[in-house]
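Engineer: One file: input_24.txt (compact mmCIF, C-alpha atoms).
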# COMPACT_ATOMS: atom_id res chain seq x y z
CA MET X 1 -20.92 -96.01 56.38
CA PRO X 2 -19.99 -96.04 60.08
CA ALA X 3 -17.88 -92.95 59.53
CA SER X 4 -20.82 -91.19 57.96
CA SER X 5 -23.06 -92.27 60.82
CA SER X 6 -20.51 -90.99 63.30
CA SER X 7 -20.37 -87.63 61.56
CA HIS X 8 -24.12 -87.36 61.80
CA THR X 9 -24.20 -88.17 65.49
CA THR X 10 -21.71 -85.42 66.36
CA ILE X 11 -23.84 -82.70 64.78
CA ASP X 12 -25.90 -80.91 67.41
CA GLY X 13 -28.15 -77.91 67.41
CA MET X 14 -25.30 -75.50 68.10
CA ASP X 15 -23.37 -76.77 65.08
CA ARG X 16 -26.42 -76.34 62.87
CA PHE X 17 -26.93 -72.83 64.21
CA LEU X 18 -23.29 -71.84 63.56
CA TRP X 19 -23.47 -73.34 60.07
CA TRP X 20 -26.65 -71.41 59.42
CA LEU X 21 -24.86 -68.22 60.52
CA ALA X 22 -22.05 -69.09 58.10
CA ALA X 23 -24.64 -69.37 55.28
CA ALA X 24 -23.64 -73.01 54.70
CA ASP X 25 -25.85 -75.68 53.14
CA VAL X 26 -26.23 -78.09 56.06
CA SER X 27 -27.15 -81.06 53.86
CA VAL X 28 -23.93 -80.66 51.83
CA LEU X 29 -21.78 -79.77 54.82
CA GLN X 30 -22.84 -82.96 56.66
CA GLU X 31 -21.18 -84.91 53.87
CA SER X 32 -17.93 -82.94 54.31
CA PRO X 33 -16.68 -83.66 57.86
CA ALA X 34 -13.32 -82.03 57.14
CA ASP X 35 -15.06 -78.65 56.74
CA HIS X 36 -17.21 -78.82 59.86
CA GLU X 37 -14.75 -76.94 62.05
CA ARG X 38 -14.03 -74.35 59.37
CA TYR X 39 -17.67 -73.38 59.14
CA ARG X 40 -18.08 -73.46 62.91
CA LEU X 41 -15.35 -70.82 63.10
CA THR X 42 -16.97 -68.79 60.32
CA GLY X 43 -20.30 -69.03 62.14
CA LEU X 44 -18.62 -67.86 65.37
CA ALA X 45 -17.20 -64.88 63.49
CA VAL X 46 -20.67 -63.98 62.27
CA LEU X 47 -22.07 -64.51 65.78
CA VAL X 48 -19.48 -62.16 67.31
CA THR X 49 -20.23 -59.51 64.69
CA TRP X 50 -23.96 -59.93 65.25
CA ILE X 51 -23.70 -59.55 69.03
CA PHE X 52 -21.29 -56.65 68.76
CA ALA X 53 -23.45 -54.80 66.25
CA THR X 54 -26.57 -55.35 68.38
CA LEU X 55 -24.86 -53.98 71.50
CA ALA X 56 -23.37 -51.02 69.63
CA TRP X 57 -26.71 -50.11 68.06
CA GLY X 58 -28.38 -50.53 71.43
CA TYR X 59 -26.03 -48.06 73.08
CA PHE X 60 -26.48 -45.68 70.17
CA PHE X 61 -30.26 -45.67 70.50
CA SER X 62 -29.99 -45.36 74.30
CA THR X 63 -28.42 -41.93 73.73
CA ILE X 64 -31.45 -40.89 71.70
CA THR X 65 -34.41 -42.24 73.68
CA ASN X 66 -35.11 -43.41 77.23
CA ASP X 67 -37.69 -45.94 76.07
CA SER X 68 -36.06 -49.29 76.92
CA LEU X 69 -38.42 -51.30 74.74
CA ALA X 70 -37.72 -49.08 71.74
CA VAL X 71 -33.97 -49.33 72.34
CA ILE X 72 -34.10 -53.14 72.55
CA ALA X 73 -36.35 -53.46 69.49
CA LEU X 74 -34.21 -51.14 67.36
CA ALA X 75 -30.98 -52.77 68.51
CA LEU X 76 -32.27 -56.23 67.64
CA PHE X 77 -33.56 -55.05 64.28
CA PHE X 78 -30.34 -53.35 63.17
CA GLY X 79 -28.25 -56.18 64.60
CA PHE X 80 -30.30 -58.64 62.55
CA ALA X 81 -29.82 -56.41 59.49
CA ILE X 82 -26.04 -56.69 59.92
CA LEU X 83 -26.40 -60.45 60.36
CA SER X 84 -28.43 -60.71 57.17
CA ILE X 85 -25.83 -58.72 55.24
CA ASP X 86 -23.09 -61.03 56.51
CA ARG X 87 -24.96 -64.17 55.51
CA VAL X 88 -25.80 -62.82 52.07
CA LEU X 89 -22.20 -61.88 51.40
CA LEU X 90 -20.83 -65.17 52.70
CA SER X 91 -23.29 -67.05 50.53
CA ALA X 92 -22.28 -64.95 47.52
CA MET X 93 -18.60 -65.65 48.18
CA THR X 94 -19.26 -69.38 48.28
CA ARG X 95 -21.01 -69.37 44.91
CA SER X 96 -18.86 -66.76 43.16
CA GLN X 97 -16.11 -67.79 40.81
CA GLY X 98 -13.03 -65.97 39.56
CA ARG X 99 -13.08 -62.19 39.73
CA ARG X 100 -16.70 -62.10 40.84
CA LYS X 101 -15.60 -63.49 44.19
CA TRP X 102 -13.98 -60.15 44.98
CA LEU X 103 -17.16 -58.20 44.40
CA PRO X 104 -18.79 -59.17 47.72
CA VAL X 105 -15.42 -58.74 49.44
CA PHE X 106 -15.03 -55.20 48.13
CA PHE X 107 -18.65 -54.39 48.92
CA ARG X 108 -18.34 -55.81 52.44
CA LEU X 109 -15.10 -53.94 53.10
CA THR X 110 -16.67 -50.69 51.97
CA LEU X 111 -19.77 -51.35 54.04
CA ALA X 112 -17.68 -52.42 57.02
CA ILE X 113 -15.64 -49.23 57.00
CA THR X 114 -18.82 -47.16 56.79
CA ILE X 115 -20.53 -49.08 59.59
CA GLY X 116 -17.32 -49.17 61.60
CA LEU X 117 -16.92 -45.41 61.43
CA PHE X 118 -20.53 -44.95 62.54
CA ILE X 119 -20.71 -47.61 65.24
CA SER X 120 -17.33 -46.55 66.61
CA GLN X 121 -18.91 -43.30 67.76
CA PRO X 122 -21.22 -44.79 70.42
CA VAL X 123 -18.52 -47.29 71.41
CA VAL X 124 -15.98 -44.52 72.00
CA LEU X 125 -18.64 -42.53 73.84
CA MET X 126 -19.24 -45.54 76.06
CA LEU X 127 -15.52 -46.06 76.71
CA PHE X 128 -14.82 -42.39 77.51
CA LYS X 129 -18.23 -41.55 78.96
CA LYS X 130 -16.98 -39.58 82.00
CA ASP X 131 -14.58 -37.46 79.95
CA VAL X 132 -17.19 -36.84 77.27
CA LEU X 133 -19.85 -35.78 79.80
CA ALA X 134 -17.38 -33.43 81.49
CA GLN X 135 -16.47 -31.90 78.14
CA LEU X 136 -20.16 -31.69 77.28
CA GLU X 137 -20.80 -29.45 80.30
CA ILE X 138 -17.89 -27.23 79.29
CA SER X 139 -19.27 -27.06 75.76
CA LYS X 140 -22.71 -26.15 77.05
CA GLN X 141 -21.31 -23.36 79.21
CA ARG X 142 -19.24 -22.02 76.33
CA LYS X 143 -22.23 -22.07 73.98
CA LEU X 144 -24.37 -20.36 76.62
CA GLU X 145 -21.77 -17.62 77.11
CA GLU X 146 -21.50 -17.16 73.36
CA PHE X 147 -25.28 -16.91 73.10
CA ARG X 148 -25.36 -14.30 75.86
CA ARG X 149 -22.63 -12.28 74.16
CA LYS X 150 -24.61 -12.27 70.93
CA GLU X 151 -27.76 -11.17 72.74
CA MET X 152 -25.87 -8.40 74.52
CA THR X 153 -24.35 -7.27 71.23
CA MET X 154 -27.78 -7.11 69.61
CA ASP X 155 -29.19 -5.05 72.52
CA ALA X 156 -26.03 -2.99 73.10
CA ALA X 157 -27.20 0.15 71.26
CA MET X 158 -30.50 0.35 73.14
CA LYS X 159 -28.87 -0.46 76.48
CA ASN X 160 -26.15 2.14 75.96
CA THR X 161 -28.78 4.77 75.18
CA TRP X 162 -30.63 4.04 78.40
CA ASP X 163 -27.41 3.93 80.44
CA ASN X 164 -26.28 7.25 79.00
CA ASP X 165 -29.64 8.84 79.81
CA ILE X 166 -29.39 7.68 83.42
CA LYS X 167 -25.78 8.88 83.70
CA ARG X 168 -26.64 12.27 82.16
CA TRP X 169 -29.56 12.81 84.51
CA GLN X 170 -27.53 11.67 87.47
CA GLN X 171 -24.80 14.12 86.51
CA GLN X 172 -27.34 16.94 86.28
CA LEU X 173 -28.58 16.13 89.77
CA GLU X 174 -25.07 15.96 91.17
CA GLU X 175 -24.15 19.30 89.60
CA LYS X 176 -27.31 20.88 91.00
CA GLU X 177 -26.66 19.39 94.45
CA ILE X 178 -23.12 20.84 94.39
CA GLN X 179 -24.57 24.23 93.43
CA VAL X 180 -27.13 24.07 96.23
CA LYS X 181 -24.43 23.12 98.74
CA ALA X 182 -22.22 26.00 97.57
CA TYR X 183 -25.10 28.53 98.00
CA LYS X 184 -25.93 27.08 101.40
CA ASP X 185 -22.31 27.26 102.59
CA ALA X 186 -22.04 30.87 101.34
CA TYR X 187 -25.23 31.80 103.20
CA ILE X 188 -24.01 30.15 106.42
CA ARG X 189 -20.67 31.98 106.23
CA GLU X 190 -22.46 35.30 105.83
CA THR X 191 -24.65 34.66 108.86
CA ASP X 192 -21.79 33.63 111.17
CA GLY X 193 -19.48 36.47 110.10
CA THR X 194 -16.96 34.37 108.16
CA GLY X 195 -18.24 35.52 104.79
CA GLY X 196 -17.05 38.36 102.60
CA SER X 197 -18.98 41.12 104.50
CA GLY X 198 -17.68 40.00 107.89
CA LYS X 199 -21.06 40.83 109.49
CA ILE X 200 -22.97 38.49 111.78
CA GLY X 201 -26.70 38.07 111.46
CA ASP X 202 -29.30 38.67 108.82
CA ALA X 203 -27.55 41.41 106.87
CA ALA X 204 -28.45 42.45 103.35
CA ILE X 205 -25.77 40.28 101.78
CA SER X 206 -26.80 37.28 103.87
CA ARG X 207 -30.37 37.73 102.73
CA VAL X 208 -29.23 37.71 99.10
CA LYS X 209 -27.24 34.52 99.75
CA LYS X 210 -30.26 32.97 101.41
CA THR X 211 -32.44 33.80 98.44
CA GLU X 212 -29.94 32.23 96.05
CA TYR X 213 -29.71 29.15 98.24
CA LEU X 214 -33.48 28.69 98.54
CA LYS X 215 -33.97 29.25 94.82
CA ALA X 216 -31.32 26.66 93.97
CA GLU X 217 -32.86 24.20 96.43
CA GLU X 218 -36.28 24.64 94.84
CA GLU X 219 -34.73 24.06 91.41
CA LEU X 220 -33.09 20.89 92.75
CA ILE X 221 -36.40 19.62 94.12
CA LEU X 222 -38.14 20.40 90.82
CA LEU X 223 -35.36 18.71 88.87
CA ARG X 224 -35.65 15.60 91.03
CA ARG X 225 -39.40 15.49 90.51
CA THR X 226 -38.92 15.89 86.75
CA LEU X 227 -36.18 13.30 86.35
CA ALA X 228 -37.49 10.71 88.82
CA PRO X 229 -40.16 9.20 86.48
CA GLN X 230 -37.71 9.16 83.59
CA GLN X 231 -35.02 7.48 85.69
CA THR X 232 -37.54 4.96 86.98
CA ALA X 233 -38.65 4.20 83.41
CA ARG X 234 -35.07 3.74 82.22
CA LEU X 235 -34.22 1.48 85.17
CA ALA X 236 -37.38 -0.53 84.50
CA ASN X 237 -36.38 -0.86 80.85
CA LEU X 238 -32.92 -2.09 81.82
CA ASP X 239 -34.38 -4.55 84.31
CA THR X 240 -36.84 -5.85 81.71
CA LEU X 241 -34.00 -6.18 79.21
CA ARG X 242 -31.93 -8.20 81.71
CA GLN X 243 -34.88 -10.44 82.49
CA THR X 244 -35.57 -10.97 78.80
CA GLN X 245 -31.94 -11.84 78.12
CA GLU X 246 -31.88 -14.25 81.06
CA ALA X 247 -35.12 -15.89 79.92
CA LYS X 248 -33.68 -16.35 76.42
CA ALA X 249 -30.48 -17.77 77.92
CA GLN X 250 -32.45 -20.24 80.04
CA ALA X 251 -34.54 -21.28 77.03
CA TYR X 252 -31.37 -21.76 75.00
CA ARG X 253 -29.82 -23.72 77.86
CA SER X 254 -32.82 -26.06 77.95
CA GLN X 255 -32.32 -26.79 74.25
CA LEU X 256 -28.71 -27.92 74.83
CA SER X 257 -29.32 -31.64 75.22
CA ASP X 258 -27.02 -34.49 76.21
CA GLY X 259 -28.00 -36.44 73.10
CA PHE X 260 -25.85 -38.33 70.66
CA LEU X 261 -24.93 -35.41 68.41
CA ALA X 262 -23.99 -33.22 71.37
CA GLN X 263 -21.80 -36.00 72.77
CA ILE X 264 -20.19 -36.53 69.36
CA GLU X 265 -19.37 -32.83 69.22
CA ALA X 266 -17.86 -33.01 72.70
CA LEU X 267 -15.87 -36.09 71.63
CA GLN X 268 -14.50 -34.24 68.61
CA GLU X 269 -13.42 -31.39 70.86
CA LEU X 270 -11.68 -33.86 73.16
CA THR X 271 -9.89 -35.63 70.33
CA ALA X 272 -8.80 -32.27 68.91
CA GLU X 273 -7.35 -31.20 72.26
CA HIS X 274 -5.82 -34.52 73.39
CA SER X 275 -3.59 -36.44 71.01
CA ALA X 276 -3.65 -39.54 73.23
CA LEU X 277 -7.42 -39.77 72.97
CA GLN X 278 -7.22 -39.25 69.22
CA GLN X 279 -4.92 -42.26 68.93
CA GLN X 280 -7.26 -44.35 71.07
CA TYR X 281 -10.17 -43.25 68.91
CA ARG X 282 -8.41 -44.34 65.73
CA LEU X 283 -7.50 -47.65 67.32
CA VAL X 284 -11.12 -48.29 68.33
CA VAL X 285 -12.30 -47.45 64.80
CA PHE X 286 -9.75 -49.88 63.39
CA LEU X 287 -10.77 -52.66 65.78
CA ILE X 288 -14.46 -52.14 65.08
CA THR X 289 -13.82 -52.19 61.35
CA LEU X 290 -11.83 -55.38 61.82
CA ILE X 291 -14.72 -56.95 63.72
CA GLU X 292 -17.10 -55.88 60.97
CA VAL X 293 -15.03 -57.57 58.25
CA LEU X 294 -14.24 -60.63 60.39
CA PRO X 295 -16.82 -62.94 58.75
CA VAL X 296 -15.68 -62.06 55.24
CA LEU X 297 -12.01 -62.29 56.21
CA SER X 298 -12.52 -65.69 57.83
CA LYS X 299 -14.18 -66.92 54.66
CA LEU X 300 -11.57 -65.32 52.43
CA LEU X 301 -8.51 -66.56 54.34
CA MET X 302 -9.66 -70.17 54.54
CA PRO X 303 -8.66 -72.20 51.46
CA PRO X 304 -11.44 -73.95 49.49
CA GLY X 305 -12.38 -77.33 50.90
CA GLU X 306 -14.49 -80.33 50.10
CA TYR X 307 -17.69 -78.45 50.81
CA ASP X 308 -16.80 -75.68 48.32
CA ALA X 309 -16.01 -78.29 45.66
CA LYS X 310 -19.38 -79.96 46.15
CA ILE X 311 -21.23 -76.65 46.04
CA ALA X 312 -19.37 -75.74 42.84
CA ALA X 313 -20.16 -79.15 41.33
CA ARG X 314 -23.80 -78.80 42.28
CA GLY X 315 -23.84 -75.36 40.67
CA ASN X 316 -22.27 -76.74 37.50
CA LYS X 317 -24.78 -79.59 37.35
CA SER X 318 -27.60 -77.15 37.84
CA SER X 319 -26.24 -74.93 35.07
CA THR X 320 -25.79 -77.93 32.76
CA GLY X 321 -29.33 -79.15 33.49
CA GLN X 322 -30.77 -75.73 32.82
CA LEU X 323 -28.84 -75.52 29.56
CA GLN X 324 -30.08 -78.96 28.45
CA GLN X 325 -33.63 -78.04 29.37
CA LEU X 326 -33.30 -74.86 27.35
CA GLN X 327 -31.97 -76.79 24.36
CA ARG X 328 -34.85 -79.30 24.52
CA THR X 329 -37.30 -76.43 24.68
CA LEU X 330 -35.74 -74.80 21.63
CA HIS X 331 -35.85 -78.09 19.68
CA GLN X 332 -39.50 -78.56 20.48
Starting from the file, give its structure as structure tokens.
Structural biologist:
Amino acid sequence: MPASSSSHTTIDGMDRFLWWLAAADVSVLQESPADHERYRLTGLAVLVTWIFATLAWGYFFSTITNDSLAVIALALFFGFAILSIDRVLLSAMTRSQGRRKWLPVFFRLTLAITIGLFISQPVVLMLFKKDVLAQLEISKQRKLEEFRRKEMTMDAAMKNTWDNDIKRWQQQLEEKEIQVKAYKDAYIRETDGTGGSGKIGDAAISRVKKTEYLKAEEELILLRRTLAPQQTARLANLDTLRQTQEAKAQAYRSQLSDGFLAQIEALQELTAEHSALQQQYRLVVFLITLIEVLPVLSKLLMPPGEYDAKIAARGNKSSTGQLQQLQRTLHQ
């Protein structure tokens, strides 16, 4: 009796809390002092998993929203969901017999790998945040350049048509200016005596040259007047096209967020380019998975104790009582 009293006096609120985390029946566990420490350790394993899951989910949601209250609420909710799963599985392992005991283990391992693979993403992002953000900017710039190339390809035919029109008209003007200059030079040579006639002054040949020069100059002026509006229109079209392309590029740039999916994509690019980071990523996934299965492993690796025997005996008594009650009901 004193020993039992002593065992009761050493149980504090923290012990009860850890036992509750371990999904243990406190009333039965109090009668099994040899198992107290075992279930404290199991409760600590659940506590570590709970805290880790809450923090990981919190960081994950912080990459999605800037609302601190929403992040905290969602982190606590999903952390509690992981805690509930752990307690349910630990409780099922305690009450399962034979092959059925492996069902919650298999389920938990499968769930742990799935959760580990998912939660590892925000954890790795947090560990390699600077590298991921740097790669994210590179990815954004590459996507923006690719978007601009696509836009330019789509508008290439129209742009080339306008450019060719401007070049053709410019060539016509240059050819006409060369012609005007040639007529002017020929006229000047005739007037100063260096031309073909060798006469100085306004001779008949010089007058002919002057007429050709003035006619060509008038044609040049007329050509400039004719082509100027068309050139202005083409230049305006090209300027509008550039502005439109730049506006589309800026709109596309604004849609390139720094959110979770974008960071995951940047992380995948980093792991593909750097083998060292890929190894670290796999190691983190393994460690997170190990943390996720820690409660089940702690329960699985510990041999059955006095507490488990009492729970099994209680379950057998309950089954026997239910069977007897059923038999009495059938007899009646």
Engineer: So which residues touch Ala45 in chain X within 6 Å, counting only C-alpha atoms, skipping near sequence neighbours fewer than 3 positions away, as number ranges by chain?
Structural biologist: X: 42, 48, 295
Engineer: Please identify all polymer residues within 12 Å of Val180 in chain X, counting only C-alpha atoms, omitting same-chain residues fewer than 6 positions from it, and present them as a tab-separated table (two decimals) with C-alpha atoms, in the frame of the given file.
Structural biologist:
chain	number	residue	atom	x	y	z
X	173	LEU	CA	-28.58	16.13	89.77
X	174	GLU	CA	-25.07	15.96	91.17
X	186	ALA	CA	-22.04	30.87	101.34
X	187	TYR	CA	-25.23	31.80	103.20
X	209	LYS	CA	-27.24	34.52	99.75
X	210	LYS	CA	-30.26	32.97	101.41
X	211	THR	CA	-32.44	33.80	98.44
X	212	GLU	CA	-29.94	32.23	96.05
X	213	TYR	CA	-29.71	29.15	98.24
X	214	LEU	CA	-33.48	28.69	98.54
X	215	LYS	CA	-33.97	29.25	94.82
X	216	ALA	CA	-31.32	26.66	93.97
X	217	GLU	CA	-32.86	24.20	96.43
X	218	GLU	CA	-36.28	24.64	94.84
X	219	GLU	CA	-34.73	24.06	91.41
X	220	LEU	CA	-33.09	20.89	92.75
X	221	ILE	CA	-36.40	19.62	94.12
Engineer: So that I can see what lies close to Leu238 in chain X, please list as a list of chain:residue names the residues with an atom at most 8 Å from it, counting all atoms listed in the file and leaving out residues fewer than 3 positions away in the same chain.
Structural biologist: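 Near neighbours after the sequence-gap exclusion: X:Lys159, X:Trp162, X:Arg234, X:Leu235, X:Leu241, X:Arg242.
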Engineer: Using only C-alpha atoms, pick whichever of X:Thr161, X:Ser62, X:Ser27, X:Thr49 has the shortest atom-to-atom distance to Phe260 in chain X.
Structural biologist: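 Ranking X:Thr161, X:Ser62, X:Ser27, X:Thr49 by distance to Phe260 in chain X, first place goes to X:Ser62.
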Engineer: Which is closer to Leu111 in chain X than all the others in X:Met93, X:Val293, X:Val285, X:Leu144, using all atoms listed in the file?
Structural biologist: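 Smallest distance to Leu111 in chain X is found for X:Val293.
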Engineer: So that I can check the surroundings of Gln171 in chain X, please list as a ChimeraX atom specification every protein, DNA and RNA residue that reaches within 12 Å of it, counting only C-alpha atoms and ignoring chain neighbours fewer than 5 positions away.
Structural biologist: /X:164-166,176-178,223-224,227
Engineer: Of the residues X:Ser254, X:Gln172, X:Gln245, X:Asn160, which is the one nearest to Thr226 in chain X, using all atoms listed in the file?
Structural biologist: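 The answer is X:Gln172, which sits nearest to Thr226 in chain X.
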Engineer: So the first atom is CA of Ala276 in chain X and the second is CA of Val124 in chain X; what is the distance between them in Å, to one decimal place?
Structural biologist: 13.4 Å
Engineer: For CA of Asp86 in chain X and CA of Leu41 in chain X, quote the distance in Å rounded to one decimal.
Structural biologist: 14.1 Å
Engineer: Pick the closest to Phe106 in chain X from X:Leu300, X:Ser120, X:Arg168, X:Lys310: which is it, counting only C-alpha atoms?
Structural biologist: X:Leu300
Engineer: Restricting the calculation to only C-alpha atoms, which member of X:Asp15, X:Asp155, X:Glu306, X:Asp163 is positioned closest to Gln230 in chain X?
Structural biologist: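 Using only C-alpha atoms, Gln230 in chain X sits closest to X:Asp163.
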Engineer: Determine the nearest neighbour of Arg149 in chain X from the options X:Ala249, X:Leu76, X:Met14, X:Ile82, counting all atoms listed in the file.
Structural biologist: X:Ala249
Engineer: Could you name the residues that touch Trp57 in chain X at 12 Å or less, counting all atoms listed in the file, but leaving out those on the same chain fewer than 6 positions away, as a CSV table (one decimal) with C-alpha atoms, in the frame of the given file?
Structural biologist:
chain,number,residue,atom,x,y,z
X,49,THR,CA,-20.2,-59.5,64.7
X,50,TRP,CA,-24.0,-59.9,65.2
X,51,ILE,CA,-23.7,-59.6,69.0
X,63,THR,CA,-28.4,-41.9,73.7
X,64,ILE,CA,-31.4,-40.9,71.7
X,70,ALA,CA,-37.7,-49.1,71.7
X,71,VAL,CA,-34.0,-49.3,72.3
X,72,ILE,CA,-34.1,-53.1,72.6
X,73,ALA,CA,-36.4,-53.5,69.5
X,74,LEU,CA,-34.2,-51.1,67.4
X,75,ALA,CA,-31.0,-52.8,68.5
X,76,LEU,CA,-32.3,-56.2,67.6
X,77,PHE,CA,-33.6,-55.0,64.3
X,78,PHE,CA,-30.3,-53.4,63.2
X,79,GLY,CA,-28.2,-56.2,64.6
X,80,PHE,CA,-30.3,-58.6,62.6
X,81,ALA,CA,-29.8,-56.4,59.5
X,82,ILE,CA,-26.0,-56.7,59.9
X,115,ILE,CA,-20.5,-49.1,59.6
X,116,GLY,CA,-17.3,-49.2,61.6
X,118,PHE,CA,-20.5,-45.0,62.5
X,119,ILE,CA,-20.7,-47.6,65.2
X,120,SER,CA,-17.3,-46.6,66.6
X,121,GLN,CA,-18.9,-43.3,67.8
X,122,PRO,CA,-21.2,-44.8,70.4
X,123,VAL,CA,-18.5,-47.3,71.4
X,126,MET,CA,-19.2,-45.5,76.1
Engineer: May I have the protein, DNA and RNA residues with any atom at most 10 Å from the point (-20.5, -83.3, 51.6), counting only C-alpha atoms, written as a count of residues only?
Structural biologist: 18
Engineer: Could you tell me how far CA of Glu246 in chain X sits from CA of Lys150 in chain X, in Å to one decimal place?
Structural biologist: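 It comes out at 12.6 Å.
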Engineer: In the coordinates of the file, take the point (-12.2, -71.9, 58.6) and a cut-off of 8 Å; then, counting all atoms listed in the file, name each qualifying protein, DNA or RNA residue as a ChimeraX atom specification.
Structural biologist: /X:35,37-42,298-299,301-303
Engineer: Could you take the residues named above and write them with C-alpha atoms, as a PDB file, in the frame of the given file?
Structural biologist:
ATOM      1  CA  ASP X  35     -15.060 -78.650  56.740  1.00  0.00           C
ATOM      2  CA  GLU X  37     -14.750 -76.940  62.050  1.00  0.00           C
ATOM      3  CA  ARG X  38     -14.030 -74.350  59.370  1.00  0.00           C
ATOM      4  CA  TYR X  39     -17.670 -73.380  59.140  1.00  0.00           C
ATOM      5  CA  ARG X  40     -18.080 -73.460  62.910  1.00  0.00           C
ATOM      6  CA  LEU X  41     -15.350 -70.820  63.100  1.00  0.00           C
ATOM      7  CA  THR X  42     -16.970 -68.790  60.320  1.00  0.00           C
ATOM      8  CA  SER X 298     -12.520 -65.690  57.830  1.00  0.00           C
ATOM      9  CA  LYS X 299     -14.180 -66.920  54.660  1.00  0.00           C
ATOM     10  CA  LEU X 301      -8.510 -66.560  54.340  1.00  0.00           C
ATOM     11  CA  MET X 302      -9.660 -70.170  54.540  1.00  0.00           C
ATOM     12  CA  PRO X 303      -8.660 -72.200  51.460  1.00  0.00           C
TER      13      PRO X 303
END
Engineer: What would the file be for range 125-145 of chain X if you keep C-alpha atoms and write it as a PDB file, in the first residue's frame?
Structural biologist:
ATOM      1  CA  LEU X 125      12.505  26.172 -48.258  1.00  0.00           C
ATOM      2  CA  MET X 126      13.113  27.558 -44.791  1.00  0.00           C
ATOM      3  CA  LEU X 127      16.592  26.015 -44.562  1.00  0.00           C
ATOM      4  CA  PHE X 128      17.698  27.200 -48.015  1.00  0.00           C
ATOM      5  CA  LYS X 129      15.617  30.375 -48.136  1.00  0.00           C
ATOM      6  CA  LYS X 130      18.338  32.688 -49.513  1.00  0.00           C
ATOM      7  CA  ASP X 131      19.316  30.277 -52.291  1.00  0.00           C
ATOM      8  CA  VAL X 132      15.696  29.606 -53.189  1.00  0.00           C
ATOM      9  CA  LEU X 133      14.825  33.321 -53.364  1.00  0.00           C
ATOM     10  CA  ALA X 134      17.872  33.989 -55.546  1.00  0.00           C
ATOM     11  CA  GLN X 135      16.889  31.151 -57.863  1.00  0.00           C
ATOM     12  CA  LEU X 136      13.315  32.434 -57.841  1.00  0.00           C
ATOM     13  CA  GLU X 137      14.439  35.783 -59.278  1.00  0.00           C
ATOM     14  CA  ILE X 138      16.410  33.975 -61.980  1.00  0.00           C
ATOM     15  CA  SER X 139      13.365  31.856 -62.769  1.00  0.00           C
ATOM     16  CA  LYS X 140      11.165  34.936 -62.972  1.00  0.00           C
ATOM     17  CA  GLN X 141      13.572  36.651 -65.363  1.00  0.00           C
ATOM     18  CA  ARG X 142      13.809  33.543 -67.527  1.00  0.00           C
ATOM     19  CA  LYS X 143      10.029  33.178 -67.656  1.00  0.00           C
ATOM     20  CA  LEU X 144       9.672  36.865 -68.500  1.00  0.00           C
ATOM     21  CA  GLU X 145      12.192  36.584 -71.334  1.00  0.00           C
TER      22      GLU X 145
END
